[in-house]
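Undergrad: Encoded as structure tokens, here's the structure I'll be asking about.
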Amino acid sequence: MTHRAGRHFLQIPGPTNVPDRVLRAIDAPTMDHRGPEFGELGKYVLDGLKPIFKTKNPVIIYPASGTGAWEGALVNTLSPGDKVLMVETGHFATLWQEMAGKLGLTVEFVAGDWRTGVDPAVVEAKLKEDKGHTIKAVCAVHNETSTGVASRIGLVRKAIDAAGHPALLLVDTISSLASIDYRHDEWGVDVTVAGSQKGLMLPPGLSFNAISDKAIAAAKTAKLQKAYWDWQPMLAANAKGFFPYTPATNLLYGLKEAIDMLLEEGLENVFARHDRHAEATRRAVRG
């Protein structure tokens, strides 16, 4: 392997560069994940994530990439043959719908041009047509990593409500959480999918499901096969800060530091900083 002088600066949509504070936190001896000290860490990060997702409900942490959290969202809430409404907003929305099909779900995939987000009017119209409520979930990507296109999730929820439809709302925030404004509870999202390697400032390796009461209720009757992704043992172990299988301990050290950094700066200030950088980039391109 060639060793280069200086420090490599990563310039891709994600993973993103990891701050020194987070790297130093990860660089610590691995503790016993069944001991009392770990339980304290577990409770800290599980509770600390809630204000970042803007939820009062549980957030589940998997040792996985964002793709794992996609699967966790689907298999815990749906049954074989269930119909899901998904919208083509870019490469990752396309990959998520491909996964849904592989899992045995029936996908209605609304074609898009990769230049616009989810159209709430289309969602409302599709759900109003579904008189028998065969659509069990609406899946949307909040911000498309591949294109930078953002969708108005609050308006998507209003569209579902306007249609008087009981479908769950599942949202991918892998490249938006802790980067642009997101409100799990206020926007009535049932499962929010997230990953560690972008706005949370960590290396890849952690993924997340923030879950609503409605999603927890749906999980009790969902019939898709699951073992590793099952929420129930996670929720039971998480109550005391632990996990049902070996967690990514050192990444959790980093997660604690990242949570502290985000809350120290204040989420609104974080969003404003990203807005400034985005506008600077747009002006540079125009120039």
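To be explicit about the labels: the chains of the structure tokens are called A, B, and onward in the order shown, and within each one the residues are counted from 1, while ligands get numbers from 1 in the order they are shown.
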Gly48 (chain A): which residues within 10 Å, counting only C-alpha atoms, same-chain residues fewer than 6 positions away excluded, as a list of chain:residue names?
TA: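 In the requested form, the answer reads A:Gly42, A:Val59, A:Leu255, A:Lys256, A:Ala258, A:Ile259, A:Asp260, A:Leu263.
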Undergrad: Could you write those residues out with N, CA, C and O atoms, as a PDB file, in the first residue's frame?
TA:
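Saved to out21.pdb:
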```
ATOM      1  N   GLY A  42     -24.986   2.948  26.443  1.00  0.00           N
ATOM      2  CA  GLY A  42     -26.138   2.603  25.612  1.00  0.00           C
ATOM      3  C   GLY A  42     -27.317   3.529  25.857  1.00  0.00           C
ATOM      4  O   GLY A  42     -27.932   4.043  24.913  1.00  0.00           O
ATOM      5  N   VAL A  59     -35.430   4.850  19.221  1.00  0.00           N
ATOM      6  CA  VAL A  59     -34.571   4.771  18.033  1.00  0.00           C
ATOM      7  C   VAL A  59     -33.736   3.497  18.173  1.00  0.00           C
ATOM      8  O   VAL A  59     -33.054   3.316  19.182  1.00  0.00           O
ATOM      9  N   LEU A 255     -20.389   7.776  18.334  1.00  0.00           N
ATOM     10  CA  LEU A 255     -21.752   8.319  18.271  1.00  0.00           C
ATOM     11  C   LEU A 255     -22.019   9.239  19.451  1.00  0.00           C
ATOM     12  O   LEU A 255     -22.635  10.301  19.299  1.00  0.00           O
ATOM     13  N   LYS A 256     -21.569   8.847  20.639  1.00  0.00           N
ATOM     14  CA  LYS A 256     -21.751   9.715  21.815  1.00  0.00           C
ATOM     15  C   LYS A 256     -21.104  11.075  21.576  1.00  0.00           C
ATOM     16  O   LYS A 256     -21.698  12.127  21.863  1.00  0.00           O
ATOM     17  N   ALA A 258     -20.398  12.466  18.657  1.00  0.00           N
ATOM     18  CA  ALA A 258     -21.105  13.175  17.588  1.00  0.00           C
ATOM     19  C   ALA A 258     -22.388  13.812  18.115  1.00  0.00           C
ATOM     20  O   ALA A 258     -22.724  14.954  17.753  1.00  0.00           O
ATOM     21  N   ILE A 259     -23.124  13.094  18.963  1.00  0.00           N
ATOM     22  CA  ILE A 259     -24.333  13.654  19.566  1.00  0.00           C
ATOM     23  C   ILE A 259     -23.977  14.901  20.367  1.00  0.00           C
ATOM     24  O   ILE A 259     -24.644  15.939  20.255  1.00  0.00           O
ATOM     25  N   ASP A 260     -22.916  14.804  21.171  1.00  0.00           N
ATOM     26  CA  ASP A 260     -22.492  15.965  21.966  1.00  0.00           C
ATOM     27  C   ASP A 260     -22.155  17.148  21.067  1.00  0.00           C
ATOM     28  O   ASP A 260     -22.546  18.294  21.349  1.00  0.00           O
ATOM     29  N   LEU A 263     -25.394  18.722  19.572  1.00  0.00           N
ATOM     30  CA  LEU A 263     -26.210  19.439  20.553  1.00  0.00           C
ATOM     31  C   LEU A 263     -25.483  20.673  21.093  1.00  0.00           C
ATOM     32  O   LEU A 263     -26.126  21.664  21.447  1.00  0.00           O
TER      33      LEU A 263
END
```
Undergrad: Region 201-215 of chain A: which residues within 6 Å, counting only C-alpha atoms, same-chain residues fewer than 4 positions away excluded, as a ChimeraX atom specification?
TA: /A:18,59-66,69,190-197
Undergrad: What's the 10 Å shell around Phe38 (chain A), counting only C-alpha atoms, without same-chain residues fewer than 4 positions away, as a PyMOL selection string?
TA: chain A and resi 30-34+42-44+240-242+249+252-253
Undergrad: Please produce an output containing N, CA, C and O atoms for each residue in the selection, written as a tab-separated table (two decimals), in the first residue's frame.
TA:
```
chain	number	residue	atom	x	y	z
A	30	THR	N	-11.90	-1.26	23.75
A	30	THR	CA	-13.27	-1.78	23.69
A	30	THR	C	-13.69	-2.30	25.06
A	30	THR	O	-12.96	-3.09	25.67
A	31	MET	N	-14.84	-1.86	25.54
A	31	MET	CA	-15.31	-2.28	26.85
A	31	MET	C	-16.20	-3.53	26.74
A	31	MET	O	-16.62	-3.93	25.65
A	32	ASP	N	-16.48	-4.12	27.90
A	32	ASP	CA	-17.38	-5.26	27.98
A	32	ASP	C	-18.80	-4.80	27.68
A	32	ASP	O	-19.36	-3.98	28.42
A	33	HIS	N	-19.39	-5.32	26.59
A	33	HIS	CA	-20.73	-4.85	26.19
A	33	HIS	C	-21.84	-5.47	27.03
A	33	HIS	O	-23.02	-5.25	26.74
A	34	ARG	N	-21.48	-6.21	28.08
A	34	ARG	CA	-22.49	-6.71	29.03
A	34	ARG	C	-22.29	-6.09	30.42
A	34	ARG	O	-23.00	-6.44	31.36
A	42	GLY	N	-24.99	2.95	26.44
A	42	GLY	CA	-26.14	2.60	25.61
A	42	GLY	C	-27.32	3.53	25.86
A	42	GLY	O	-27.93	4.04	24.91
A	43	LYS	N	-27.63	3.75	27.11
A	43	LYS	CA	-28.75	4.65	27.44
A	43	LYS	C	-28.47	6.07	26.93
A	43	LYS	O	-29.37	6.75	26.43
A	44	TYR	N	-27.21	6.50	27.06
A	44	TYR	CA	-26.86	7.86	26.65
A	44	TYR	C	-27.10	8.05	25.16
A	44	TYR	O	-27.73	9.04	24.74
A	240	LYS	N	-32.50	-1.19	29.07
A	240	LYS	CA	-31.45	-1.03	30.07
A	240	LYS	C	-30.12	-0.61	29.44
A	240	LYS	O	-29.08	-0.65	30.09
A	241	GLY	N	-30.18	-0.20	28.16
A	241	GLY	CA	-28.98	0.30	27.50
A	241	GLY	C	-28.15	-0.76	26.80
A	241	GLY	O	-27.05	-0.47	26.33
A	242	PHE	N	-28.70	-1.98	26.70
A	242	PHE	CA	-27.94	-3.07	26.10
A	242	PHE	C	-28.54	-3.48	24.76
A	242	PHE	O	-29.56	-2.95	24.32
A	249	THR	N	-19.20	-1.46	19.42
A	249	THR	CA	-18.89	-0.70	20.63
A	249	THR	C	-18.13	0.60	20.34
A	249	THR	O	-18.52	1.67	20.81
A	252	LEU	N	-20.07	3.28	18.82
A	252	LEU	CA	-20.97	3.92	19.79
A	252	LEU	C	-20.23	4.98	20.61
A	252	LEU	O	-20.82	5.99	20.99
A	253	TYR	N	-18.94	4.76	20.89
A	253	TYR	CA	-18.14	5.82	21.52
A	253	TYR	C	-18.17	7.07	20.62
A	253	TYR	O	-18.35	8.20	21.10
```
Undergrad: May I ask which of the residues A:Gln97, A:Leu105, A:Cys139, A:Val87 is the closest one to Val118 (chain A), counting only C-alpha atoms?
TA: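 Of the candidates, the smallest distance to Val118 (chain A) is held by A:Val87.
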Undergrad: Contacts of Pro80 (chain A) at 12 Å or less, counting only C-alpha atoms, minus same-chain residues fewer than 2 places along, as number ranges by chain?
TA: A: 74-78, 82-84, 100-107, 136, 221-226
Undergrad: Could you check which of A:Pro58, A:Gly6, A:Gly81, A:Gly72 is closest to Ile135 (chain A), using only C-alpha atoms?
TA: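 Using only C-alpha atoms, Ile135 (chain A) sits closest to A:Gly81.
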Undergrad: Just list as JSON, numbers by chain whatever in region 57-215 of chain A DSSP marks as strand (DSSP E or B).
TA: {"A": [59, 60, 61, 62, 63, 83, 84, 85, 86, 87, 106, 107, 108, 109, 110, 135, 136, 137, 138, 139, 140, 141, 143, 150, 168, 169, 170, 171, 172, 191, 192, 193, 194, 195, 206, 207, 208, 209, 210, 211]}
Undergrad: Would you write out those residues with C-alpha atoms, as a PDB file, in the first residue's frame?
TA:
```pdb
ATOM      1  CA  VAL A  59     -34.571   4.771  18.033  1.00  0.00           C
ATOM      2  CA  ILE A  60     -33.069   1.364  17.214  1.00  0.00           C
ATOM      3  CA  ILE A  61     -29.364   1.085  16.360  1.00  0.00           C
ATOM      4  CA  TYR A  62     -28.091  -1.698  14.108  1.00  0.00           C
ATOM      5  CA  PRO A  63     -24.457  -2.589  13.362  1.00  0.00           C
ATOM      6  CA  LYS A  83     -48.376  -3.410  -1.480  1.00  0.00           C
ATOM      7  CA  VAL A  84     -46.083  -0.410  -1.000  1.00  0.00           C
ATOM      8  CA  LEU A  85     -46.103   2.905  -2.838  1.00  0.00           C
ATOM      9  CA  MET A  86     -42.604   4.164  -3.677  1.00  0.00           C
ATOM     10  CA  VAL A  87     -41.473   7.143  -5.755  1.00  0.00           C
ATOM     11  CA  THR A 106     -45.710  -5.751  -4.250  1.00  0.00           C
ATOM     12  CA  VAL A 107     -44.299  -2.400  -5.315  1.00  0.00           C
ATOM     13  CA  GLU A 108     -46.101   0.398  -7.107  1.00  0.00           C
ATOM     14  CA  PHE A 109     -43.163   2.527  -8.259  1.00  0.00           C
ATOM     15  CA  VAL A 110     -44.070   6.021  -9.432  1.00  0.00           C
ATOM     16  CA  ILE A 135     -51.320  -0.014   0.003  1.00  0.00           C
ATOM     17  CA  LYS A 136     -49.780  -0.661   3.414  1.00  0.00           C
ATOM     18  CA  ALA A 137     -46.898   1.817   3.300  1.00  0.00           C
ATOM     19  CA  VAL A 138     -45.618   4.873   1.455  1.00  0.00           C
ATOM     20  CA  CYS A 139     -41.811   4.942   1.181  1.00  0.00           C
ATOM     21  CA  ALA A 140     -39.907   8.133   0.406  1.00  0.00           C
ATOM     22  CA  VAL A 141     -36.305   9.326   0.381  1.00  0.00           C
ATOM     23  CA  ASN A 143     -32.767  13.670   0.431  1.00  0.00           C
ATOM     24  CA  ALA A 150     -35.050  16.798  -1.279  1.00  0.00           C
ATOM     25  CA  LEU A 168     -47.548   3.786   7.127  1.00  0.00           C
ATOM     26  CA  LEU A 169     -44.982   6.431   6.157  1.00  0.00           C
ATOM     27  CA  LEU A 170     -41.394   5.150   5.869  1.00  0.00           C
ATOM     28  CA  VAL A 171     -38.660   7.725   5.171  1.00  0.00           C
ATOM     29  CA  ASP A 172     -34.968   7.396   4.284  1.00  0.00           C
ATOM     30  CA  VAL A 191     -40.181   4.623  10.454  1.00  0.00           C
ATOM     31  CA  THR A 192     -37.213   6.879   9.816  1.00  0.00           C
ATOM     32  CA  VAL A 193     -34.181   5.169   8.283  1.00  0.00           C
ATOM     33  CA  ALA A 194     -30.732   6.676   8.877  1.00  0.00           C
ATOM     34  CA  GLY A 195     -27.013   5.887   8.644  1.00  0.00           C
ATOM     35  CA  LEU A 206     -24.223   2.067  12.200  1.00  0.00           C
ATOM     36  CA  SER A 207     -27.789   2.360  10.941  1.00  0.00           C
ATOM     37  CA  PHE A 208     -30.981   3.449  12.636  1.00  0.00           C
ATOM     38  CA  ASN A 209     -34.757   2.989  12.722  1.00  0.00           C
ATOM     39  CA  ALA A 210     -36.737   5.656  14.572  1.00  0.00           C
ATOM     40  CA  ILE A 211     -40.177   4.135  15.114  1.00  0.00           C
TER      41      ILE A 211
END
```
Undergrad: In region 144-255 of chain A, what's helix (DSSP H, G or I) per DSSP? Answer as a ChimeraX atom specification?
TA: /A:153-162,213-219,231-238,249-255
Undergrad: Ranking A:Thr16, A:Ser179, A:Thr2, A:Asn250 by minimum distance to Arg276 (chain A) and counting only C-alpha atoms, which one comes first?
TA: A:Ser179
